[in-house]
Amino acid sequence: MLGACATSPRDRIAVAAGKPMTDFLVSPTLATTHAADDDLLTAGLGLAGLRALAPPVFANPEKPTAAEVRRRAIWNNWRGIADLAPGGGFGDLYGSLPSVPGREFQALAKLPGANQPHRVLTQIPDDFDRKARCVVVAASSGSRGVYGAIALAGGWGLTHHCAVAYTDKGTGTGYVDIDTRSAVQLDGTRGVAGEPAEFAPTFTSAIPAHNVAIKHAHSGDNPEADWGSHILQAAQFALHTLDQALPSEAPFTFSNTRVIVLGVSNGAGAALRAAGIDHEHQLAGVVAVSPSVYSGDGRPLYDYVTEAAIFQPCALLHATFDHVALARPKGAKPATWAQRCKSLHDYGLVAAIDTTAQAGEAYSRMRENGWTDTAIEAGAISSSFDLWRAVAVTYASAYTRSGVEMMPCGYRFAALDASGVARASSVVEQATWSADGTGIPPSPGIGIIDSMANGADPSVLGLLCLRAMWDGEHALKRRLHAGVEATLAAPPRAGLPVIVIHGADDGLIPEAFTSAAYVRTAKQQSADRDLRYWRVANAQHFDAFLGLPVLGARYVPLMPYAYAAMDAMFAHLTQGTPLPASADIAALPRGLNAGVAPALSAKNLGAIPK
C-alpha cells in the first residue's frame with residue numbers, strides 16, 4: 001500500500017488530454033546550442049578524448065565555465081558506464097560516436113509534495129526525425145548526475161535521430177558545502193545555495209562544520225520511492241521542449257511521439273517503476289539493463305547490501321574463491337578480510353575459532369540467503385572498493401529521510417585530511433564535485449566519516465549498526481522498512497513491451513534478488529504481460545571495469561545486449577517486427593593471451609536474440 005501511494009501517477013504527475021503539463025518546473029529552462037567541438041554526444045571529445053586517462057582540464061580551476069563542467073561530466077559518465085578500451089567491442093561490435101550537433105534544454109522539476117527538485121534535461125539533435133518522432137527517456141545509473149545515462153540512452157538515441165530526455169531522479173552531484181553554502185546552479189557551475197540551485201538543504205546550527213550535503217542522502221524525500229514518477233515527468237519535459245525547439249511541428253504529445261524508456265542499474269530500476277505506473281499509456285516500450293528493482297519477491301537492496309558489507313570480506317577467504325584474483329589481491333587485503341572473520345566471531349555472528357572455519361560459516365550464510373558463487377565472486381569488486389558500505393550509508397539516510405545533521409549510525413560526509421578528520425574543502429575541490437562525483441561518497445574530494453570507527457576492523461561497528469536497522473532493535477527500523485516498502489515495483493502495465501537484461505554473475509545487484517524475481521512476479525500476476533528476459537552468462541555489473549585484463553578476461557560486457565535490445569524494440573514499435581523471445585544467452589569469456597584479454601568478438605557474445 002505504501003508503494004502504491006508513493007508512486008501513483010494520478011497523484012504525482014499532472015497529465016491532461018495526453019498533453020504534458022509544465023507546472024512542475026521550478027526554474028527557468030536553460031537552452032544551449034552544441035556543435036562540433038562541443039556536441040551533444042561527447043562534448044567534442046570523440047572516442048579518443050573519452051579514452052584519455054585524464055579528465056578535461058579547467059582553464060581556471062577555481063571557476064570553470066559551464067561548458068567545461070559539462071564536458072568533464074560527460075567524460076566521467078561515459079567512462080563510468082561503458083567499456084571504451086580498445087578491443088572492448090565499442091565501435092566494432094556495437095555503438096558509434098559521431099559528432100551530433102543540436103540543442104539542450106534543462107530545468108529543475110519537482111514532484112508534488114517533494115522537498116527537493118530533480119534535474120531534467122532534453123537533448124534534441126539537429127537531425128531529429130520529424131516523421132518517426134521518438135524520445136528516449138532515461139534516469140541516471142547509480143546516483144549519478146543528469147548525464148549519468150548518456151553512455152546508453154544518448155549513445156543509442158542520438159545516433160538514431162531521437163531526442164533524449166534525462167533525469168537525475170532526485171539523486172545527482174549537486175553537492176552543497178555546508179561551511180560556505182556553495183551549491184550547484186542550473187548551468188552546472190557553483191554559486192550560493194538558493195534558487196535555482198539543484199539542491200538546497202535546510203541549514204541548521206546542529207550541522208557540524210565541514211559537512212557536505214548530498215541530495216540522494218539528505219533531500220528528505222526518499223527519492224527512490226518516486227523514480228517512476230521522475231521518469232514520466234522527464235518525458236513530459238521532453239515533449240514540452242520539443243514544442244519549443246520545433247514549433248512548426250508542434251504539438252508533440254504522447255499520442256503522436258513514441259516514448260521509449262531505457263536504463264541501466266538504478267536507471268533501469270526507475271524504468272521498471274515507470275512501467276508499473278504507466279496507467280495513461282504514455283510509454284511505448286521499456287528496456288531495462290541490470291535493474292535495481294524490488295518486486296516483493298527476491299530481496300530489497302538494503303537487505304543484501306548490508307549483509308554483503310558485513311559477511312562477504314570473510315566469505316571471500318573460502319577455498320571456493322582461491323582462483324579469483326580480486327579475492328586474493330596483492331597487498332594487505334586478505335589480512336584485512338581475516339580480521340573481519342575475527343570480528344564476526346567476536347560479535348557472535350560465527351562460532352568457529354580459526355579463520356578457515358569462520359570463512360566457511362560466512363560463505364554458508366550467504367549461500368543459504370540466496371547468493372550464488374558467481375555473485376559472491378563478482379562481489380569481490382564491491383568489497384575491494386568499499387562499495388557496499390558507501391551504498392548502505394547513503395541509502396540508510398535516504399530511506400529514513402534523515403537530514404545532514406542526523407545521518408543514521410553517526411555517519412557524515414566531508415572532505416578529509418590525511419588522518420581521516422573532517423576539514424574545510426577548497427574552492428578548487430568544490431569546482432570538480434558536480435563533474436567528477438558519482439552521487440554517493442566516497443567521491444573525489446569527499447569521504448565518509450564513521451563516528452563508530454575503532455580497533456583493527458574500524459568499519460565493522462558502523463556496519464553492524466546499519467544492519468540492526470534492518471533486522472535488529474534499532475530505533476529507526478520501522479522508518480527504514482517503510483522507506484524500503486515505498487520502493488516496491490508494480491508489474492508493467494498490460495500491453496507495454498518490456499525487455500529486461502541481466503548478467504547472471506552480477507555481484508552488485510544480484511540477478512536472483514532483482515530481475516529474476518521481478519519477471520517471475522510479473523508473470524505470476526498476469527501471464528499476458530509483454531515481457532522478455534535475457535539472462536547473460538559470464539556478465540557482471542560493471543562494464544567500465546572490463547578494461548582491466550583480469551576482469552576483461554573473465555566477463556563479457558552488457559552494453560552490446562542493451563544496444564541490440566533497443567534495436568529490436570525500435571523495430572517492433574516502428575515496423576511491427578515481433579520482439580525477440582526470452583533467452584539464456586551463453587556468452588563466452590575471452591580469457592587471457594600473454595596476460596592480455598584479446599579483442600571481444602561476436603563469438604564471445606553468443607546468440608543475441610533477434
# chains A, B, ... in the order shown; residues from 1 in each chain; ligands from 1

$ residues_around --residues "segment 117-124 of chain A" --least-positions-apart "3" --cutoff "7 Å" --atoms "only C-alpha atoms" --output "list of chain:residue names"
A:Leu40, A:Gly102, A:Arg103, A:Glu104, A:Phe105, A:Gln106, A:Ala107, A:Leu108, A:Ala109, A:Lys110, A:Phe128, A:Val146, A:Ala163, A:Val164, A:Ala165, A:Tyr166, A:Thr167, A:Asp168, A:Lys169, A:Gly170, A:Glu198, A:Ala234, A:Ala238

$ write_last_selection --atoms "N, CA and C atoms" --output "PDB file, in the first residue's frame"
ATOM      1  N   LEU A  40      26.475  17.136 -28.698  1.00  0.00           N
ATOM      2  CA  LEU A  40      25.596  16.550 -27.690  1.00  0.00           C
ATOM      3  C   LEU A  40      26.145  15.254 -27.109  1.00  0.00           C
ATOM      4  N   GLY A 102      23.275  19.857 -31.962  1.00  0.00           N
ATOM      5  CA  GLY A 102      21.890  20.028 -31.560  1.00  0.00           C
ATOM      6  C   GLY A 102      21.763  20.979 -30.391  1.00  0.00           C
ATOM      7  N   ARG A 103      20.654  20.883 -29.691  1.00  0.00           N
ATOM      8  CA  ARG A 103      20.370  21.796 -28.587  1.00  0.00           C
ATOM      9  C   ARG A 103      20.037  21.007 -27.322  1.00  0.00           C
ATOM     10  N   GLU A 104      20.356  21.624 -26.199  1.00  0.00           N
ATOM     11  CA  GLU A 104      19.983  21.073 -24.905  1.00  0.00           C
ATOM     12  C   GLU A 104      19.058  22.046 -24.189  1.00  0.00           C
ATOM     13  N   PHE A 105      18.082  21.466 -23.507  1.00  0.00           N
ATOM     14  CA  PHE A 105      17.158  22.231 -22.674  1.00  0.00           C
ATOM     15  C   PHE A 105      17.159  21.576 -21.301  1.00  0.00           C
ATOM     16  N   GLN A 106      17.422  22.350 -20.267  1.00  0.00           N
ATOM     17  CA  GLN A 106      17.408  21.763 -18.939  1.00  0.00           C
ATOM     18  C   GLN A 106      16.725  22.688 -17.938  1.00  0.00           C
ATOM     19  N   ALA A 107      16.180  22.057 -16.898  1.00  0.00           N
ATOM     20  CA  ALA A 107      15.452  22.797 -15.868  1.00  0.00           C
ATOM     21  C   ALA A 107      15.402  21.943 -14.615  1.00  0.00           C
ATOM     22  N   LEU A 108      14.905  22.533 -13.566  1.00  0.00           N
ATOM     23  CA  LEU A 108      14.641  21.802 -12.331  1.00  0.00           C
ATOM     24  C   LEU A 108      13.140  21.561 -12.235  1.00  0.00           C
ATOM     25  N   ALA A 109      12.777  20.323 -11.944  1.00  0.00           N
ATOM     26  CA  ALA A 109      11.374  19.937 -11.831  1.00  0.00           C
ATOM     27  C   ALA A 109      11.126  19.390 -10.436  1.00  0.00           C
ATOM     28  N   LYS A 110       9.898  19.458 -10.004  1.00  0.00           N
ATOM     29  CA  LYS A 110       9.595  18.977  -8.651  1.00  0.00           C
ATOM     30  C   LYS A 110       8.264  18.244  -8.660  1.00  0.00           C
ATOM     31  N   PHE A 128      16.949  15.376 -35.826  1.00  0.00           N
ATOM     32  CA  PHE A 128      15.777  14.719 -35.226  1.00  0.00           C
ATOM     33  C   PHE A 128      14.807  14.300 -36.316  1.00  0.00           C
ATOM     34  N   VAL A 146      22.868  14.307 -13.991  1.00  0.00           N
ATOM     35  CA  VAL A 146      21.885  14.212 -15.065  1.00  0.00           C
ATOM     36  C   VAL A 146      22.441  13.570 -16.331  1.00  0.00           C
ATOM     37  N   ALA A 163      15.188  12.389 -29.912  1.00  0.00           N
ATOM     38  CA  ALA A 163      15.510  13.241 -28.771  1.00  0.00           C
ATOM     39  C   ALA A 163      15.756  12.342 -27.565  1.00  0.00           C
ATOM     40  N   VAL A 164      16.589  12.803 -26.643  1.00  0.00           N
ATOM     41  CA  VAL A 164      16.890  12.022 -25.445  1.00  0.00           C
ATOM     42  C   VAL A 164      16.623  12.889 -24.223  1.00  0.00           C
ATOM     43  N   ALA A 165      15.820  12.370 -23.309  1.00  0.00           N
ATOM     44  CA  ALA A 165      15.481  13.094 -22.084  1.00  0.00           C
ATOM     45  C   ALA A 165      16.103  12.370 -20.897  1.00  0.00           C
ATOM     46  N   TYR A 166      16.706  13.138 -20.000  1.00  0.00           N
ATOM     47  CA  TYR A 166      17.383  12.584 -18.836  1.00  0.00           C
ATOM     48  C   TYR A 166      16.790  13.180 -17.555  1.00  0.00           C
ATOM     49  N   THR A 167      16.848  12.399 -16.482  1.00  0.00           N
ATOM     50  CA  THR A 167      16.577  12.911 -15.143  1.00  0.00           C
ATOM     51  C   THR A 167      17.597  12.331 -14.184  1.00  0.00           C
ATOM     52  N   ASP A 168      17.996  13.132 -13.196  1.00  0.00           N
ATOM     53  CA  ASP A 168      18.882  12.583 -12.155  1.00  0.00           C
ATOM     54  C   ASP A 168      18.077  11.835 -11.095  1.00  0.00           C
ATOM     55  N   LYS A 169      16.749  11.769 -11.265  1.00  0.00           N
ATOM     56  CA  LYS A 169      15.813  11.033 -10.409  1.00  0.00           C
ATOM     57  C   LYS A 169      15.965  11.350  -8.922  1.00  0.00           C
ATOM     58  N   GLY A 170      16.282  12.614  -8.619  1.00  0.00           N
ATOM     59  CA  GLY A 170      16.374  13.026  -7.223  1.00  0.00           C
ATOM     60  C   GLY A 170      17.675  12.665  -6.555  1.00  0.00           C
ATOM     61  N   GLU A 198      20.411  23.198  -7.662  1.00  0.00           N
ATOM     62  CA  GLU A 198      19.955  21.825  -7.837  1.00  0.00           C
ATOM     63  C   GLU A 198      19.504  21.219  -6.513  1.00  0.00           C
ATOM     64  N   ALA A 234      10.109  13.576 -16.721  1.00  0.00           N
ATOM     65  CA  ALA A 234      11.135  13.864 -17.722  1.00  0.00           C
ATOM     66  C   ALA A 234      10.581  13.700 -19.129  1.00  0.00           C
ATOM     67  N   ALA A 238      10.371  16.551 -22.033  1.00  0.00           N
ATOM     68  CA  ALA A 238      10.894  16.354 -23.380  1.00  0.00           C
ATOM     69  C   ALA A 238       9.888  16.816 -24.431  1.00  0.00           C
TER      70      ALA A 238
END

$ closest_atom_pairs --of "segment 48-166 of chain A" --to "segment 547-569 of chain A" --cutoff "8 Å" --atoms "only C-alpha atoms" --output "CSV"
residue,atom,partner,partner_atom,distance
A:Ala82,CA,A:Met559,CA,7.1
A:Asp83,CA,A:Gly547,CA,6.4
A:Leu84,CA,A:Gly547,CA,7.8
A:Ala85,CA,A:Gly547,CA,5.6
A:Gly88,CA,A:Gly547,CA,7.2
A:Gly89,CA,A:Pro560,CA,7.9
A:Leu93,CA,A:Pro560,CA,7.2
A:Tyr94,CA,A:Pro560,CA,5.7
A:Gly95,CA,A:Tyr563,CA,7.3
A:Leu152,CA,A:Met559,CA,7.5
A:Trp156,CA,A:Tyr563,CA,6.6

$ select_by_dssp --residues "segment 187-263 of chain A" --states "strand (DSSP E)" --output "PyMOL selection string"
chain A and resi 190-192+212-213+258-263

$ write_last_selection --atoms "C-alpha atoms" --output "PDB file, in the first residue's frame"
ATOM      1  CA  ARG A 190      28.721  26.780  -8.362  1.00  0.00           C
ATOM      2  CA  GLY A 191      27.065  29.633  -6.511  1.00  0.00           C
ATOM      3  CA  VAL A 192      25.426  30.332  -3.159  1.00  0.00           C
ATOM      4  CA  VAL A 212      28.915  18.118   2.712  1.00  0.00           C
ATOM      5  CA  ALA A 213      25.240  17.622   1.866  1.00  0.00           C
ATOM      6  CA  ARG A 258       6.990   7.330 -29.351  1.00  0.00           C
ATOM      7  CA  VAL A 259       8.463   7.466 -25.852  1.00  0.00           C
ATOM      8  CA  ILE A 260      10.866   4.614 -25.040  1.00  0.00           C
ATOM      9  CA  VAL A 261      12.344   4.311 -21.552  1.00  0.00           C
ATOM     10  CA  LEU A 262      15.870   2.943 -21.322  1.00  0.00           C
ATOM     11  CA  GLY A 263      18.071   2.498 -18.286  1.00  0.00           C
TER      12      GLY A 263
END

$ atom_distance --atom1 "atom CA of Ala225 of chain A" --atom2 "atom CA of Ala193 of chain A"
25.3 Å

$ residues_around --residues "segment 490-496 of chain A" --least-positions-apart "3" --cutoff "6 Å" --atoms "only C-alpha atoms" --output "ChimeraX atom specification"
/A:275-276,285,522,529-530

$ write_last_selection --atoms "C-alpha atoms" --output "mmCIF file, in the first residue's frame"
data_model
loop_
_atom_site.group_PDB
_atom_site.id
_atom_site.type_symbol
_atom_site.label_atom_id
_atom_site.label_comp_id
_atom_site.auth_asym_id
_atom_site.auth_seq_id
_atom_site.Cartn_x
_atom_site.Cartn_y
_atom_site.Cartn_z
ATOM 1 C CA ALA A 275 6.377 0.762 -16.488
ATOM 2 C CA GLY A 276 4.309 -0.177 -13.448
ATOM 3 C CA GLY A 285 8.361 0.480 -24.693
ATOM 4 C CA ALA A 522 5.037 -10.107 -13.152
ATOM 5 C CA ARG A 529 2.500 -9.331 -19.845
ATOM 6 C CA ASP A 530 4.550 -8.417 -22.935
#

$ residues_around --residues "segment 452-455 of chain A" --least-positions-apart "4" --cutoff "10 Å" --atoms "only C-alpha atoms" --output "JSON, numbers by chain"
{"A": [409, 410, 411, 459, 460, 461, 462, 463, 465]}

$ residues_around --residues "segment 268-272 of chain A" --least-positions-apart "3" --cutoff "8 Å" --atoms "only C-alpha atoms" --output "PyMOL selection string"
chain A and resi 138-139+141+224+227-228+231+261-265+275-276+286-293+489+491-492

$ select_by_dssp --residues "segment 482-554 of chain A" --states "alpha helix (DSSP H)" --output "list in words"
Ala482, Gly483, Val484, Glu485, Ser515, Ala516, Ala517, Tyr518, Val519, Arg520, Thr521, Ala522, Lys523, Gln524, Gln525, Pro549, Val550, Leu551 and Gly552 of chain A

$ write_last_selection --atoms "N, CA and C atoms" --output "short mmCIF file (atom, residue, chain, number, x, y, z; two decimals), in the first residue's frame"
data_model
loop_
_atom_site.label_atom_id
_atom_site.label_comp_id
_atom_site.auth_asym_id
_atom_site.auth_seq_id
_atom_site.Cartn_x
_atom_site.Cartn_y
_atom_site.Cartn_z
N ALA A 482 9.59 1.14 6.21
CA ALA A 482 8.58 1.91 5.46
C ALA A 482 9.20 2.53 4.22
N GLY A 483 10.43 3.04 4.35
CA GLY A 483 11.11 3.62 3.19
C GLY A 483 11.37 2.60 2.11
N VAL A 484 11.76 1.39 2.49
CA VAL A 484 12.00 0.33 1.52
C VAL A 484 10.70 -0.11 0.86
N GLU A 485 9.64 -0.27 1.64
CA GLU A 485 8.36 -0.69 1.07
C GLU A 485 7.83 0.33 0.06
N SER A 515 16.07 -8.95 -11.02
CA SER A 515 15.40 -9.19 -12.30
C SER A 515 14.63 -10.50 -12.33
N ALA A 516 15.27 -11.58 -11.89
CA ALA A 516 14.60 -12.87 -11.92
C ALA A 516 13.33 -12.84 -11.08
N ALA A 517 13.40 -12.22 -9.91
CA ALA A 517 12.22 -12.12 -9.05
C ALA A 517 11.16 -11.22 -9.67
N TYR A 518 11.57 -10.11 -10.27
CA TYR A 518 10.62 -9.19 -10.91
C TYR A 518 9.87 -9.87 -12.05
N VAL A 519 10.61 -10.56 -12.91
CA VAL A 519 9.98 -11.24 -14.05
C VAL A 519 9.04 -12.33 -13.57
N ARG A 520 9.48 -13.10 -12.59
CA ARG A 520 8.65 -14.17 -12.04
C ARG A 520 7.36 -13.61 -11.45
N THR A 521 7.47 -12.54 -10.67
CA THR A 521 6.30 -11.93 -10.05
C THR A 521 5.34 -11.38 -11.10
N ALA A 522 5.88 -10.70 -12.11
CA ALA A 522 5.04 -10.11 -13.15
C ALA A 522 4.26 -11.18 -13.89
N LYS A 523 4.90 -12.31 -14.19
CA LYS A 523 4.24 -13.37 -14.96
C LYS A 523 3.25 -14.13 -14.09
N GLN A 524 3.54 -14.22 -12.80
CA GLN A 524 2.58 -14.87 -11.91
C GLN A 524 1.30 -14.05 -11.78
N GLN A 525 1.44 -12.73 -11.78
CA GLN A 525 0.27 -11.87 -11.64
C GLN A 525 -0.54 -11.79 -12.92
N PRO A 549 42.59 -6.18 -17.44
CA PRO A 549 42.71 -7.52 -18.05
C PRO A 549 42.10 -8.64 -17.23
N VAL A 550 42.27 -8.58 -15.90
CA VAL A 550 41.76 -9.67 -15.07
C VAL A 550 40.24 -9.77 -15.15
N LEU A 551 39.55 -8.64 -15.36
CA LEU A 551 38.10 -8.67 -15.48
C LEU A 551 37.65 -8.84 -16.93
N GLY A 552 38.36 -8.20 -17.87
CA GLY A 552 38.02 -8.37 -19.27
C GLY A 552 38.16 -9.81 -19.72
#

$ residues_around --residues "Asn77 of chain A" --least-positions-apart "2" --cutoff "12 Å" --atoms "only C-alpha atoms" --output "MDAnalysis selection string"
chainID A and resid 41:43 50 55 70:75 79:84 140:155 172:173 434:439 544

$ write_last_selection --atoms "N, CA and C atoms" --output "compact mmCIF listing (two decimals), in the first residue's frame"
# COMPACT_ATOMS: atom_id res chain seq x y z
N LEU A 41 26.78 14.43 -27.95
CA LEU A 41 27.10 13.07 -27.54
C LEU A 41 28.38 12.95 -26.72
N THR A 42 29.43 13.70 -27.11
CA THR A 42 30.71 13.58 -26.40
C THR A 42 31.30 14.92 -26.01
N ALA A 43 30.55 16.01 -26.15
CA ALA A 43 31.06 17.36 -25.86
C ALA A 43 32.32 17.66 -26.68
N LEU A 50 37.42 10.55 -25.01
CA LEU A 50 36.80 9.79 -23.93
C LEU A 50 37.75 8.73 -23.39
N PRO A 55 40.96 13.59 -17.08
CA PRO A 55 39.75 14.31 -17.49
C PRO A 55 40.11 15.63 -18.16
N ARG A 70 30.39 20.80 -18.11
CA ARG A 70 29.60 19.86 -18.91
C ARG A 70 30.50 18.84 -19.60
N ARG A 71 31.58 19.31 -20.22
CA ARG A 71 32.48 18.40 -20.94
C ARG A 71 33.09 17.37 -19.99
N ARG A 72 33.49 17.82 -18.83
CA ARG A 72 34.11 16.90 -17.87
C ARG A 72 33.08 15.92 -17.31
N ALA A 73 31.87 16.37 -17.09
CA ALA A 73 30.82 15.47 -16.62
C ALA A 73 30.52 14.40 -17.65
N ILE A 74 30.47 14.79 -18.92
CA ILE A 74 30.21 13.81 -19.97
C ILE A 74 31.36 12.82 -20.07
N TRP A 75 32.60 13.28 -19.95
CA TRP A 75 33.77 12.38 -19.95
C TRP A 75 33.64 11.36 -18.83
N ARG A 79 32.78 7.12 -19.20
CA ARG A 79 33.78 6.18 -18.69
C ARG A 79 33.27 5.39 -17.47
N GLY A 80 32.29 5.94 -16.78
CA GLY A 80 31.75 5.26 -15.62
C GLY A 80 30.79 4.13 -15.95
N ILE A 81 30.32 4.06 -17.21
CA ILE A 81 29.34 3.05 -17.58
C ILE A 81 29.83 2.12 -18.67
N ALA A 82 30.50 2.65 -19.70
CA ALA A 82 30.86 1.84 -20.86
C ALA A 82 32.31 1.40 -20.82
N ASP A 83 32.59 0.26 -21.45
CA ASP A 83 33.97 -0.16 -21.68
C ASP A 83 34.39 0.40 -23.03
N LEU A 84 35.17 1.45 -23.01
CA LEU A 84 35.63 2.10 -24.23
C LEU A 84 37.04 1.69 -24.61
N SER A 140 19.44 8.46 -14.51
CA SER A 140 20.86 8.18 -14.31
C SER A 140 21.08 6.83 -13.65
N SER A 141 22.17 6.19 -14.02
CA SER A 141 22.57 4.97 -13.33
C SER A 141 23.13 5.34 -11.97
N GLY A 142 23.14 4.39 -11.06
CA GLY A 142 23.64 4.67 -9.72
C GLY A 142 22.96 5.88 -9.13
N SER A 143 23.74 6.79 -8.59
CA SER A 143 23.21 8.05 -8.07
C SER A 143 23.81 9.22 -8.83
N ARG A 144 24.21 8.99 -10.06
CA ARG A 144 24.94 9.98 -10.85
C ARG A 144 24.11 11.20 -11.17
N GLY A 145 24.80 12.21 -11.72
CA GLY A 145 24.15 13.42 -12.15
C GLY A 145 23.35 13.22 -13.42
N VAL A 146 22.87 14.31 -13.99
CA VAL A 146 21.89 14.21 -15.07
C VAL A 146 22.44 13.57 -16.33
N TYR A 147 23.76 13.59 -16.55
CA TYR A 147 24.34 12.93 -17.71
C TYR A 147 24.67 11.46 -17.43
N GLY A 148 24.20 10.93 -16.33
CA GLY A 148 24.57 9.59 -15.92
C GLY A 148 24.06 8.46 -16.78
N ALA A 149 23.21 8.75 -17.77
CA ALA A 149 22.73 7.71 -18.69
C ALA A 149 23.20 7.94 -20.11
N ILE A 150 24.13 8.87 -20.32
CA ILE A 150 24.48 9.25 -21.68
C ILE A 150 25.14 8.11 -22.47
N ALA A 151 25.88 7.23 -21.80
CA ALA A 151 26.59 6.17 -22.50
C ALA A 151 25.64 5.15 -23.11
N LEU A 152 24.43 5.06 -22.62
CA LEU A 152 23.45 4.13 -23.18
C LEU A 152 22.34 4.88 -23.89
N ALA A 153 21.60 5.72 -23.17
CA ALA A 153 20.47 6.42 -23.78
C ALA A 153 20.92 7.40 -24.86
N GLY A 154 21.96 8.21 -24.56
CA GLY A 154 22.47 9.12 -25.56
C GLY A 154 23.17 8.38 -26.69
N GLY A 155 23.96 7.36 -26.32
CA GLY A 155 24.69 6.61 -27.33
C GLY A 155 23.80 5.95 -28.34
N GLY A 172 22.04 12.58 -7.93
CA GLY A 172 22.88 13.55 -8.61
C GLY A 172 24.03 14.09 -7.78
N THR A 173 24.77 15.01 -8.41
CA THR A 173 26.02 15.50 -7.83
C THR A 173 25.94 16.99 -7.47
N SER A 434 30.60 18.49 -9.09
CA SER A 434 29.44 18.14 -9.92
C SER A 434 29.85 17.35 -11.15
N ALA A 435 31.07 17.56 -11.64
CA ALA A 435 31.52 16.84 -12.83
C ALA A 435 32.14 15.49 -12.50
N ASP A 436 32.83 15.39 -11.37
CA ASP A 436 33.58 14.19 -11.02
C ASP A 436 32.84 13.27 -10.07
N GLY A 437 31.83 13.76 -9.39
CA GLY A 437 31.15 12.96 -8.37
C GLY A 437 30.30 11.86 -8.95
N THR A 438 29.98 10.88 -8.11
CA THR A 438 29.11 9.77 -8.50
C THR A 438 27.76 9.83 -7.81
N GLY A 439 27.57 10.80 -6.91
CA GLY A 439 26.31 10.89 -6.18
C GLY A 439 26.31 10.14 -4.87
N ALA A 544 32.43 -0.82 -17.18
CA ALA A 544 33.53 0.14 -17.16
C ALA A 544 34.81 -0.46 -16.60

$ residues_around --residues "segment 306-314 of chain A" --least-positions-apart "5" --cutoff "9 Å" --atoms "only C-alpha atoms" --output "PyMOL selection string"
chain A and resi 301+327+334+336-342+344+355+358-363+365-366+376+379-380+382-384+386-389+391-392+460+463-464+466-467+470

$ closest_residue --among "A:Pro497, A:Leu488, A:Ala415, A:Val176" --to "Ser295 of chain A" --atoms "only C-alpha atoms"
A:Leu488

$ closest_residue --among "A:Asp187, A:Asn76, A:Thr202, A:Gln540" --to "Asn115 of chain A" --atoms "only C-alpha atoms"
A:Thr202

$ closest_residue --among "A:Ala54, A:Leu45, A:Leu158, A:Ala200" --to "Asp177 of chain A" --atoms "only C-alpha atoms"
A:Ala200
